[in-house]
file model.cif (mmCIF, C-alpha atoms)
data_model
loop_
_atom_site.label_atom_id
_atom_site.label_comp_id
_atom_site.auth_asym_id
_atom_site.auth_seq_id
_atom_site.Cartn_x
_atom_site.Cartn_y
_atom_site.Cartn_z
CA MET A 1407 188.94 180.24 176.60
CA LEU A 1408 190.50 182.54 174.08
CA VAL A 1409 192.02 185.62 175.62
CA LYS A 1410 190.13 188.48 174.10
CA SER A 1411 193.26 190.40 173.22
CA GLU A 1412 194.19 187.61 170.87
CA LEU A 1413 190.88 187.71 169.08
CA PRO A 1414 191.22 190.98 167.16
CA GLU A 1415 194.64 189.95 165.88
CA LEU A 1416 193.38 186.52 164.88
CA VAL A 1417 190.41 188.00 163.13
CA PHE A 1418 192.19 190.82 161.40
CA ILE A 1419 195.65 189.48 160.68
CA ALA A 1420 194.89 185.87 159.82
CA ASN A 1421 191.87 186.94 157.82
CA PRO A 1422 192.50 190.27 156.15
CA MET A 1423 189.35 190.12 154.05
CA LYS A 1424 187.08 193.00 154.75
CA HIS A 1425 184.13 192.24 156.97
CA VAL A 1426 181.74 193.34 154.30
CA LEU A 1427 183.15 190.89 151.78
CA LYS A 1428 182.73 188.08 154.27
CA LEU A 1429 179.15 189.13 154.92
CA LEU A 1430 178.42 189.35 151.22
CA SER A 1431 179.84 185.92 150.53
CA LEU A 1432 177.76 184.53 153.36
CA LEU A 1433 174.67 186.13 151.86
CA VAL A 1434 175.52 184.74 148.44
CA VAL A 1435 175.87 181.23 149.86
CA ILE A 1436 172.57 181.51 151.72
CA SER A 1437 170.84 182.86 148.62
CA ALA A 1438 172.25 180.01 146.55
CA LEU A 1439 170.94 177.51 149.08
CA TRP A 1440 167.55 179.18 149.00
CA ILE A 1441 167.35 179.15 145.23
CA GLY A 1442 168.50 175.53 145.28
CA LEU A 1443 165.70 174.65 147.67
CA LEU A 1444 163.17 176.39 145.43
CA GLN A 1445 164.31 174.45 142.40
CA ALA A 1446 164.63 171.09 144.10
CA SER A 1447 161.13 171.33 145.55
CA ILE A 1448 162.04 169.25 148.58
CA ILE A 1449 160.01 171.64 150.67
CA PRO A 1450 156.67 172.92 149.32
CA GLN A 1451 157.24 176.12 147.28
CA SER A 1452 155.03 178.30 149.46
CA HIS A 1453 157.19 177.54 152.47
CA THR A 1454 160.46 178.12 150.66
CA TRP A 1455 159.47 181.55 149.46
CA VAL A 1456 158.90 182.68 152.98
CA LEU A 1457 162.23 181.36 154.28
CA PRO A 1458 164.20 184.60 153.78
CA ILE A 1459 161.72 186.45 155.95
CA TYR A 1460 162.13 183.88 158.70
CA PHE A 1461 165.86 184.22 158.33
CA ILE A 1462 165.83 188.00 158.66
CA VAL A 1463 163.48 187.90 161.62
CA SER A 1464 165.64 185.30 163.37
CA LEU A 1465 168.71 187.39 162.71
CA GLY A 1466 166.98 190.37 164.26
CA CYS A 1467 165.92 188.36 167.28
CA TYR A 1468 169.40 186.99 167.69
CA GLY A 1469 170.83 190.48 167.58
CA LEU A 1470 168.39 191.72 170.18
CA LEU A 1471 169.10 188.70 172.31
CA MET A 1472 172.83 189.39 172.21
CA VAL A 1473 172.26 193.00 173.18
CA GLY A 1474 170.00 191.92 176.00
CA VAL A 1475 172.42 189.30 177.26
CA GLY A 1476 175.29 191.72 177.07
CA LEU A 1477 173.41 194.39 178.97
CA MET A 1478 172.41 191.93 181.64
CA ARG A 1479 175.97 190.79 182.14
CA PHE A 1480 177.30 194.34 182.16
CA PRO A 1481 179.10 194.51 185.47
CA THR A 1482 177.33 197.27 187.34
CA CYS A 1483 177.26 196.36 190.97
CA PRO A 1484 175.71 198.53 193.64
CA GLN A 1485 178.82 197.98 195.73
CA GLU A 1486 180.87 199.94 193.23
CA ALA A 1487 178.35 202.75 193.32
CA LEU A 1488 178.73 202.91 197.08
CA LEU A 1489 182.52 203.00 196.85
CA LEU A 1490 182.25 205.77 194.31
CA GLN A 1491 180.02 207.79 196.62
CA GLN A 1492 182.59 207.39 199.36
CA ASP A 1493 185.36 208.50 197.04
CA ILE A 1494 183.37 211.55 196.05
CA ALA A 1495 182.71 212.49 199.67
CA GLU A 1496 186.37 212.07 200.55
CA ALA A 1497 187.45 214.14 197.58
CA LYS A 1498 185.00 216.93 198.35
CA ASP A 1499 186.16 217.10 201.96
CA PHE A 1500 189.81 217.32 201.06
CA LEU A 1501 189.34 219.83 198.27
CA LYS A 1502 187.06 222.08 200.30
CA GLN A 1503 189.73 222.28 203.00
CA LYS A 1504 192.31 223.26 200.43
CA GLY A 1505 190.18 226.00 198.97
CA VAL A 1506 189.01 224.38 195.76
CA ASP A 1507 185.42 225.19 194.93
CA VAL A 1508 183.38 221.99 195.00
CA GLY A 1509 179.98 223.52 195.42
CA SER A 1510 176.92 221.50 194.47
CA ASP A 1511 176.55 220.81 190.77
CA MET B 308 212.72 199.34 180.64
CA ASP B 309 213.48 201.01 183.94
CA ALA B 310 210.19 201.49 185.74
CA GLU B 311 211.39 204.56 187.57
CA LYS B 312 212.05 206.44 184.36
CA ASN B 313 208.52 206.18 183.05
CA LYS B 314 206.27 209.20 182.94
CA TYR B 315 202.54 209.01 182.31
CA SER B 316 200.66 211.82 180.60
CA ILE B 317 196.97 211.58 181.41
CA ILE B 318 194.81 213.35 178.85
CA VAL B 319 191.35 214.28 180.09
CA PRO B 320 189.09 216.03 177.59
CA THR B 321 186.46 218.07 179.36
CA TYR B 322 183.28 219.93 178.58
CA ASN B 323 181.21 221.22 181.48
CA GLU B 324 182.83 219.00 184.07
CA ARG B 325 183.21 221.61 186.74
CA LEU B 326 182.69 219.27 189.64
CA ASN B 327 183.94 216.02 188.16
CA ILE B 328 187.31 217.38 187.09
CA ALA B 329 188.18 218.24 190.70
CA LEU B 330 187.11 214.79 191.87
CA ILE B 331 189.03 213.07 189.11
CA VAL B 332 192.20 215.02 189.84
CA TYR B 333 191.98 214.23 193.53
CA LEU B 334 191.48 210.54 192.83
CA ILE B 335 194.33 210.38 190.35
CA PHE B 336 196.71 211.91 192.86
CA LYS B 337 195.40 209.55 195.50
CA HIS B 338 195.95 206.40 193.47
CA LEU B 339 199.18 207.31 191.68
CA ARG B 340 201.19 208.46 194.66
CA ASP B 341 204.53 207.03 193.59
CA VAL B 342 204.14 207.53 189.90
CA ASP B 343 205.59 210.28 187.76
CA PHE B 344 202.62 211.70 185.89
CA GLU B 345 201.00 214.83 184.57
CA ILE B 346 197.35 215.54 183.89
CA ILE B 347 196.54 217.37 180.69
CA VAL B 348 193.09 218.90 180.76
CA VAL B 349 191.81 219.73 177.30
CA ASP B 350 188.78 221.85 177.91
CA ASP B 351 186.62 222.94 175.00
CA GLY B 352 185.61 226.35 176.30
CA SER B 353 183.20 225.08 178.96
CA PRO B 354 180.70 227.73 179.93
CA ASP B 355 180.29 226.30 183.45
CA GLY B 356 183.67 227.50 184.66
CA THR B 357 185.54 224.20 184.42
CA GLN B 358 188.75 226.04 183.61
CA GLU B 359 188.45 228.15 186.76
CA ILE B 360 188.33 224.99 188.82
CA VAL B 361 191.34 223.59 187.00
CA LYS B 362 193.28 226.74 187.83
CA GLN B 363 192.42 226.29 191.49
CA LEU B 364 193.61 222.70 191.26
CA GLN B 365 196.82 223.90 189.68
CA LYS B 366 197.45 226.14 192.67
CA LEU B 367 196.98 223.15 194.92
CA TYR B 368 198.89 220.50 193.01
CA GLY B 369 201.28 222.50 190.88
CA GLU B 370 201.24 223.68 187.30
CA ASP B 371 203.80 221.07 186.35
CA ARG B 372 201.42 218.29 187.40
CA ILE B 373 198.23 219.76 185.94
CA LEU B 374 198.42 221.26 182.50
CA LEU B 375 195.46 223.24 181.29
CA ARG B 376 195.44 223.31 177.52
CA PRO B 377 192.03 224.64 176.52
CA ARG B 378 190.44 225.22 173.15
CA ALA B 379 187.98 227.88 172.11
CA LYS B 380 184.98 225.63 171.55
CA LYS B 381 183.77 222.05 171.23
CA LEU B 382 186.02 220.55 168.64
CA GLY B 383 185.60 216.84 169.20
CA LEU B 384 187.34 214.04 170.98
CA GLY B 385 189.84 213.03 168.34
CA THR B 386 191.31 216.49 168.02
CA ALA B 387 191.28 216.78 171.82
CA TYR B 388 193.59 213.78 172.01
CA ILE B 389 195.83 215.19 169.30
CA HIS B 390 195.92 218.55 171.07
CA GLY B 391 196.73 216.87 174.38
CA LEU B 392 199.43 214.73 172.79
CA LYS B 393 201.24 217.85 171.63
CA HIS B 394 201.75 218.87 175.23
CA ALA B 395 202.46 215.43 176.62
CA SER B 396 205.94 215.00 178.00
CA GLY B 397 205.53 211.43 179.18
CA ASN B 398 206.51 208.26 177.34
CA PHE B 399 203.10 206.81 178.12
CA VAL B 400 199.71 208.37 177.56
CA VAL B 401 196.47 207.56 179.35
CA ILE B 402 193.20 208.73 177.90
CA MET B 403 190.16 208.85 180.13
CA ASP B 404 186.85 210.62 180.59
CA ALA B 405 186.29 213.22 183.26
CA ASP B 406 182.86 212.04 184.30
CA LEU B 407 183.93 209.35 186.77
CA SER B 408 182.77 206.48 184.57
CA HIS B 409 186.50 205.82 184.39
CA HIS B 410 187.72 205.48 187.94
CA PRO B 411 191.37 206.43 188.54
CA LYS B 412 191.71 203.57 191.00
CA TYR B 413 192.23 201.28 188.02
CA LEU B 414 195.20 203.24 186.75
CA PRO B 415 197.76 201.38 188.88
CA SER B 416 196.55 198.06 187.47
CA PHE B 417 196.79 199.43 183.91
CA ILE B 418 200.35 200.54 184.61
CA LYS B 419 201.25 197.25 186.28
CA LYS B 420 199.85 195.24 183.40
CA GLN B 421 201.86 197.23 180.91
CA LEU B 422 205.08 196.82 182.90
CA GLU B 423 204.48 193.09 183.25
CA THR B 424 203.69 192.42 179.63
CA GLY B 425 205.39 195.23 177.77
CA ALA B 426 202.13 195.81 175.93
CA SER B 427 201.67 198.77 173.61
CA ILE B 428 198.09 199.31 174.74
CA VAL B 429 196.22 198.39 177.92
CA GLU B 430 192.45 198.62 178.07
CA HIS B 431 189.65 197.43 180.26
CA ASP B 432 188.19 194.01 179.68
CA MET B 433 184.89 194.51 177.93
CA SER B 434 184.20 190.91 176.95
CA GLN B 435 181.37 190.96 179.44
CA ALA B 436 179.67 193.84 177.70
CA VAL B 437 177.58 194.09 174.59
CA THR B 438 179.05 191.97 171.84
CA LEU B 439 177.11 192.99 168.80
CA LEU B 440 177.59 189.87 166.72
CA TRP B 441 181.16 190.65 165.70
CA PRO B 442 183.96 190.41 168.28
CA GLY B 443 186.47 193.21 168.48
CA LEU B 444 183.87 195.93 168.19
CA SER B 445 182.26 195.33 171.56
CA ASP B 446 183.84 198.27 173.35
CA LEU B 447 181.15 200.78 174.13
CA THR B 448 183.05 203.69 175.56
CA GLY B 449 186.49 202.75 174.35
CA SER B 450 188.15 205.74 175.85
CA PHE B 451 189.87 204.46 178.97
CA ARG B 452 193.24 203.26 177.83
CA LEU B 453 196.94 203.37 178.45
CA TYR B 454 199.11 203.74 175.37
CA LYS B 455 202.79 203.95 174.67
CA LYS B 456 203.02 207.49 173.40
CA SER B 457 204.46 206.57 170.02
CA VAL B 458 201.70 204.00 169.53
CA LEU B 459 198.92 206.48 170.25
CA GLU B 460 200.47 208.96 167.84
CA ASP B 461 200.66 206.31 165.16
CA VAL B 462 197.09 205.11 165.67
CA ILE B 463 195.57 208.59 165.76
CA SER B 464 197.37 209.66 162.63
CA SER B 465 195.68 206.88 160.66
CA CYS B 466 192.14 207.55 161.89
CA VAL B 467 189.77 209.50 159.72
CA SER B 468 186.44 209.52 161.53
CA LYS B 469 185.04 211.71 164.29
CA GLY B 470 183.17 211.46 167.58
CA TYR B 471 182.27 208.05 168.95
CA VAL B 472 183.16 206.37 165.70
CA PHE B 473 186.65 207.78 166.08
CA GLN B 474 187.10 205.97 169.36
CA MET B 475 186.07 202.70 167.80
CA GLU B 476 188.25 203.32 164.80
CA MET B 477 191.21 203.83 167.10
CA ILE B 478 191.05 200.37 168.57
CA VAL B 479 190.34 198.73 165.23
CA ARG B 480 193.36 200.42 163.66
CA ALA B 481 195.48 199.50 166.67
CA SER B 482 194.68 195.82 166.40
CA ARG B 483 195.00 195.94 162.62
CA LYS B 484 198.54 197.21 162.97
CA GLY B 485 199.27 194.27 165.20
CA TYR B 486 199.99 196.16 168.40
CA HIS B 487 200.23 194.15 171.58
CA ILE B 488 197.02 194.88 173.48
CA GLU B 489 196.38 193.70 177.03
CA GLU B 490 193.27 193.86 179.18
CA VAL B 491 192.45 194.51 182.79
CA PRO B 492 189.03 193.76 184.30
CA ILE B 493 187.25 196.76 185.78
CA THR B 494 183.76 197.46 187.00
CA PHE B 495 181.56 200.20 185.65
CA VAL B 496 179.20 202.08 187.88
CA ASP B 497 175.68 202.85 186.74
CA ARG B 498 176.83 206.35 185.93
CA VAL B 499 177.96 205.22 182.51
CA PHE B 500 174.34 205.34 181.48
CA GLY B 501 173.64 208.30 183.70
CA SER B 502 173.67 211.75 182.24
CA SER B 503 174.86 212.60 178.80
CA LYS B 504 176.98 209.86 177.37
CA LEU B 505 174.66 207.17 176.03
CA GLY B 506 171.44 208.61 174.72
CA GLY B 507 169.53 207.32 171.74
CA SER B 508 171.49 209.43 169.32
CA GLU B 509 174.74 207.98 170.59
CA ILE B 510 173.46 204.47 169.95
CA VAL B 511 172.58 205.48 166.41
CA GLU B 512 176.02 206.98 165.96
CA TYR B 513 177.55 203.81 167.31
CA LEU B 514 175.61 201.67 164.86
CA LYS B 515 176.51 203.96 161.98
CA GLY B 516 180.10 203.70 163.10
CA LEU B 517 179.97 199.91 163.13
CA ILE B 518 178.76 199.88 159.56
CA TYR B 519 181.35 202.44 158.49
CA LEU B 520 184.14 200.43 160.09
CA MET B 521 182.93 197.17 158.57
CA VAL B 522 183.08 198.70 155.15
CA THR B 523 186.39 200.49 155.48
CA THR B 524 188.57 198.16 157.52
#
call {"tool": "encode", "arguments": {"input": "model.cif", "output": "structure tokens"}}
result
Amino acid sequence: MLVKSELPELVFIANPMKHVLKLLSLLVVISALWIGLLQASIIPQSHTWVLPIYFIVSLGCYGLLMVGVGLMRFPTCPQEALLLQQDIAEAKDFLKQKGVDVGSD
Amino acid sequence: MDAEKNKYSIIVPTYNERLNIALIVYLIFKHLRDVDFEIIVVDDGSPDGTQEIVKQLQKLYGEDRILLRPRAKKLGLGTAYIHGLKHASGNFVVIMDADLSHHPKYLPSFIKKQLETGASIVEHDMSQAVTLLWPGLSDLTGSFRLYKKSVLEDVISSCVSKGYVFQMEMIVRASRKGYHIEEVPITFVDRVFGSSKLGGSEIVEYLKGLIYLMVTT
């Protein structure tokens, strides 16, 4: 498993091309494929025309899926919340004793 | 590098964090007992009396440990870091939020990681979080980090954006310049999504920032 700290350097140093250029070239390739399909008529024309829409919708779904997956895996455990509450109580106690105003927010 | 000679300047930008700033300060002192550090509070003229609380904390902990360097009004995060940096006397700088989404208990592990690896930047491991299609831009809050002071100065000086985008730009520029970045796993409490930090407008700003960064870096 790639250590994440290596990833940015790999992406940015080994491949200095701007992200946008990479995206654009990808789009150009996909468009070329699509036009090729239209011309070659392997798939019925009516289907081919609609392909880009399918592509965009799938892209959108993939994006949403990634966001969903990421949010689900976001490490928020109730245990941590409890520990935090304890820390807050401890801090308030100490500070109150020492004369720092920690009145309710 | 001699570990005993290191000093850590912790920059905490605040705006209306009257209660949280006291808690954060207490927790930092609790977890960094044997560390030479100073806390630099950059308050943007909070109307809730945050600065009053900081002054009380200064009486308790000492004005050499807690520096209050306020500004007249809300001037943004990037300039808050720059302002804080001007007053930082340490050779390392930690940036963190005052709202307890960044728990000081992780500071010792940040410091340890840096000493072990000699890294220029230490951040929390966000590979578990939202990875919006392109790796490297997955960091949502991006503002809990330990930097070598010279590295932070260098990175900030090359950033041009503001607000949340600025935070993202910082890490992009840092990795672009080839700085050694290390990670430490931490756990976020629900509070990250709690009050003010991640509303709908912030998500929009984040997305706008992603696009901006894709085009300019």
call {"tool": "residues_around", "arguments": {"input": "model.cif", "residues": "Gly1505 in chain A", "least_positions_apart": "3", "cutoff": "12 Å", "atoms": "all atoms listed in the file", "output": "PyMOL selection string"}}
result
(chain A and resi 1498-1502+1508-1509) or (chain B and resi 329+360+362-368)
call {"tool": "resolve_selection", "arguments": {"input": "model.cif", "expression": "the PyMOL selection byres ((chain A and resi 1440) around 12)", "output": "ChimeraX atom specification"}}
result
/A:1433-1439,1441-1449,1451,1453-1459,1461
call {"tool": "write_last_selection", "arguments": {"input": "model.cif", "atoms": "C-alpha atoms", "output": "PDB file, in the coordinates of the input"}}
result
ATOM      1  CA  LEU A1433     174.670 186.130 151.860  1.00  0.00           C
ATOM      2  CA  VAL A1434     175.520 184.740 148.440  1.00  0.00           C
ATOM      3  CA  VAL A1435     175.870 181.230 149.860  1.00  0.00           C
ATOM      4  CA  ILE A1436     172.570 181.510 151.720  1.00  0.00           C
ATOM      5  CA  SER A1437     170.840 182.860 148.620  1.00  0.00           C
ATOM      6  CA  ALA A1438     172.250 180.010 146.550  1.00  0.00           C
ATOM      7  CA  LEU A1439     170.940 177.510 149.080  1.00  0.00           C
ATOM      8  CA  ILE A1441     167.350 179.150 145.230  1.00  0.00           C
ATOM      9  CA  GLY A1442     168.500 175.530 145.280  1.00  0.00           C
ATOM     10  CA  LEU A1443     165.700 174.650 147.670  1.00  0.00           C
ATOM     11  CA  LEU A1444     163.170 176.390 145.430  1.00  0.00           C
ATOM     12  CA  GLN A1445     164.310 174.450 142.400  1.00  0.00           C
ATOM     13  CA  ALA A1446     164.630 171.090 144.100  1.00  0.00           C
ATOM     14  CA  SER A1447     161.130 171.330 145.550  1.00  0.00           C
ATOM     15  CA  ILE A1448     162.040 169.250 148.580  1.00  0.00           C
ATOM     16  CA  ILE A1449     160.010 171.640 150.670  1.00  0.00           C
ATOM     17  CA  GLN A1451     157.240 176.120 147.280  1.00  0.00           C
ATOM     18  CA  HIS A1453     157.190 177.540 152.470  1.00  0.00           C
ATOM     19  CA  THR A1454     160.460 178.120 150.660  1.00  0.00           C
ATOM     20  CA  TRP A1455     159.470 181.550 149.460  1.00  0.00           C
ATOM     21  CA  VAL A1456     158.900 182.680 152.980  1.00  0.00           C
ATOM     22  CA  LEU A1457     162.230 181.360 154.280  1.00  0.00           C
ATOM     23  CA  PRO A1458     164.200 184.600 153.780  1.00  0.00           C
ATOM     24  CA  ILE A1459     161.720 186.450 155.950  1.00  0.00           C
ATOM     25  CA  PHE A1461     165.860 184.220 158.330  1.00  0.00           C
TER      26      PHE A1461
END
call {"tool": "atom_distance", "arguments": {"input": "model.cif", "atom1": "CA of Asn327 in chain B", "atom2": "CA of Asp343 in chain B"}}
result
22.4 Å
call {"tool": "resolve_selection", "arguments": {"input": "model.cif", "expression": "the PyMOL selection byres ((chain B and resi 318) around 7)", "output": "list in words"}}
result
Ser316, Ile317, Val319, Pro320, Ile346, Ile347, Val348, Tyr388, Gly391, Val401, Ile402 and Met403 of chain B
call {"tool": "closest_residue", "arguments": {"input": "model.cif", "among": "A:Leu1432, A:Ala1497, A:Leu1471, A:Leu1465", "to": "chain B", "atoms": "all atoms listed in the file"}}
result
A:Ala1497
call {"tool": "closest_residue", "arguments": {"input": "model.cif", "among": "B:Arg340, B:Lys393, B:Arg325, B:Arg483", "to": "Ser457 in chain B", "atoms": "all atoms listed in the file"}}
result
B:Lys393
call {"tool": "closest_residue", "arguments": {"input": "model.cif", "among": "B:Tyr333, B:Phe473, B:Phe451, B:Tyr519", "to": "chain A", "atoms": "only C-alpha atoms"}}
result
B:Tyr333
call {"tool": "atom_distance", "arguments": {"input": "model.cif", "atom1": "CA of Cys466 in chain B", "atom2": "CA of Arg480 in chain B"}}
result
7.4 Å
call {"tool": "resolve_selection", "arguments": {"input": "model.cif", "expression": "the PyMOL selection byres ((chain B and resi 382) around 12)", "output": "ChimeraX atom specification"}}
result
/B:320-322,349-353,377-381,383-390,469-470
call {"tool": "atom_distance", "arguments": {"input": "model.cif", "atom1": "CA of Leu459 in chain B", "atom2": "CA of Leu326 in chain B"}}
result
28.3 Å
call {"tool": "closest_residue", "arguments": {"input": "model.cif", "among": "A:Val1463, A:Leu1470, A:Leu1489, A:Val1426", "to": "chain B", "atoms": "all atoms listed in the file"}}
result
A:Val1426
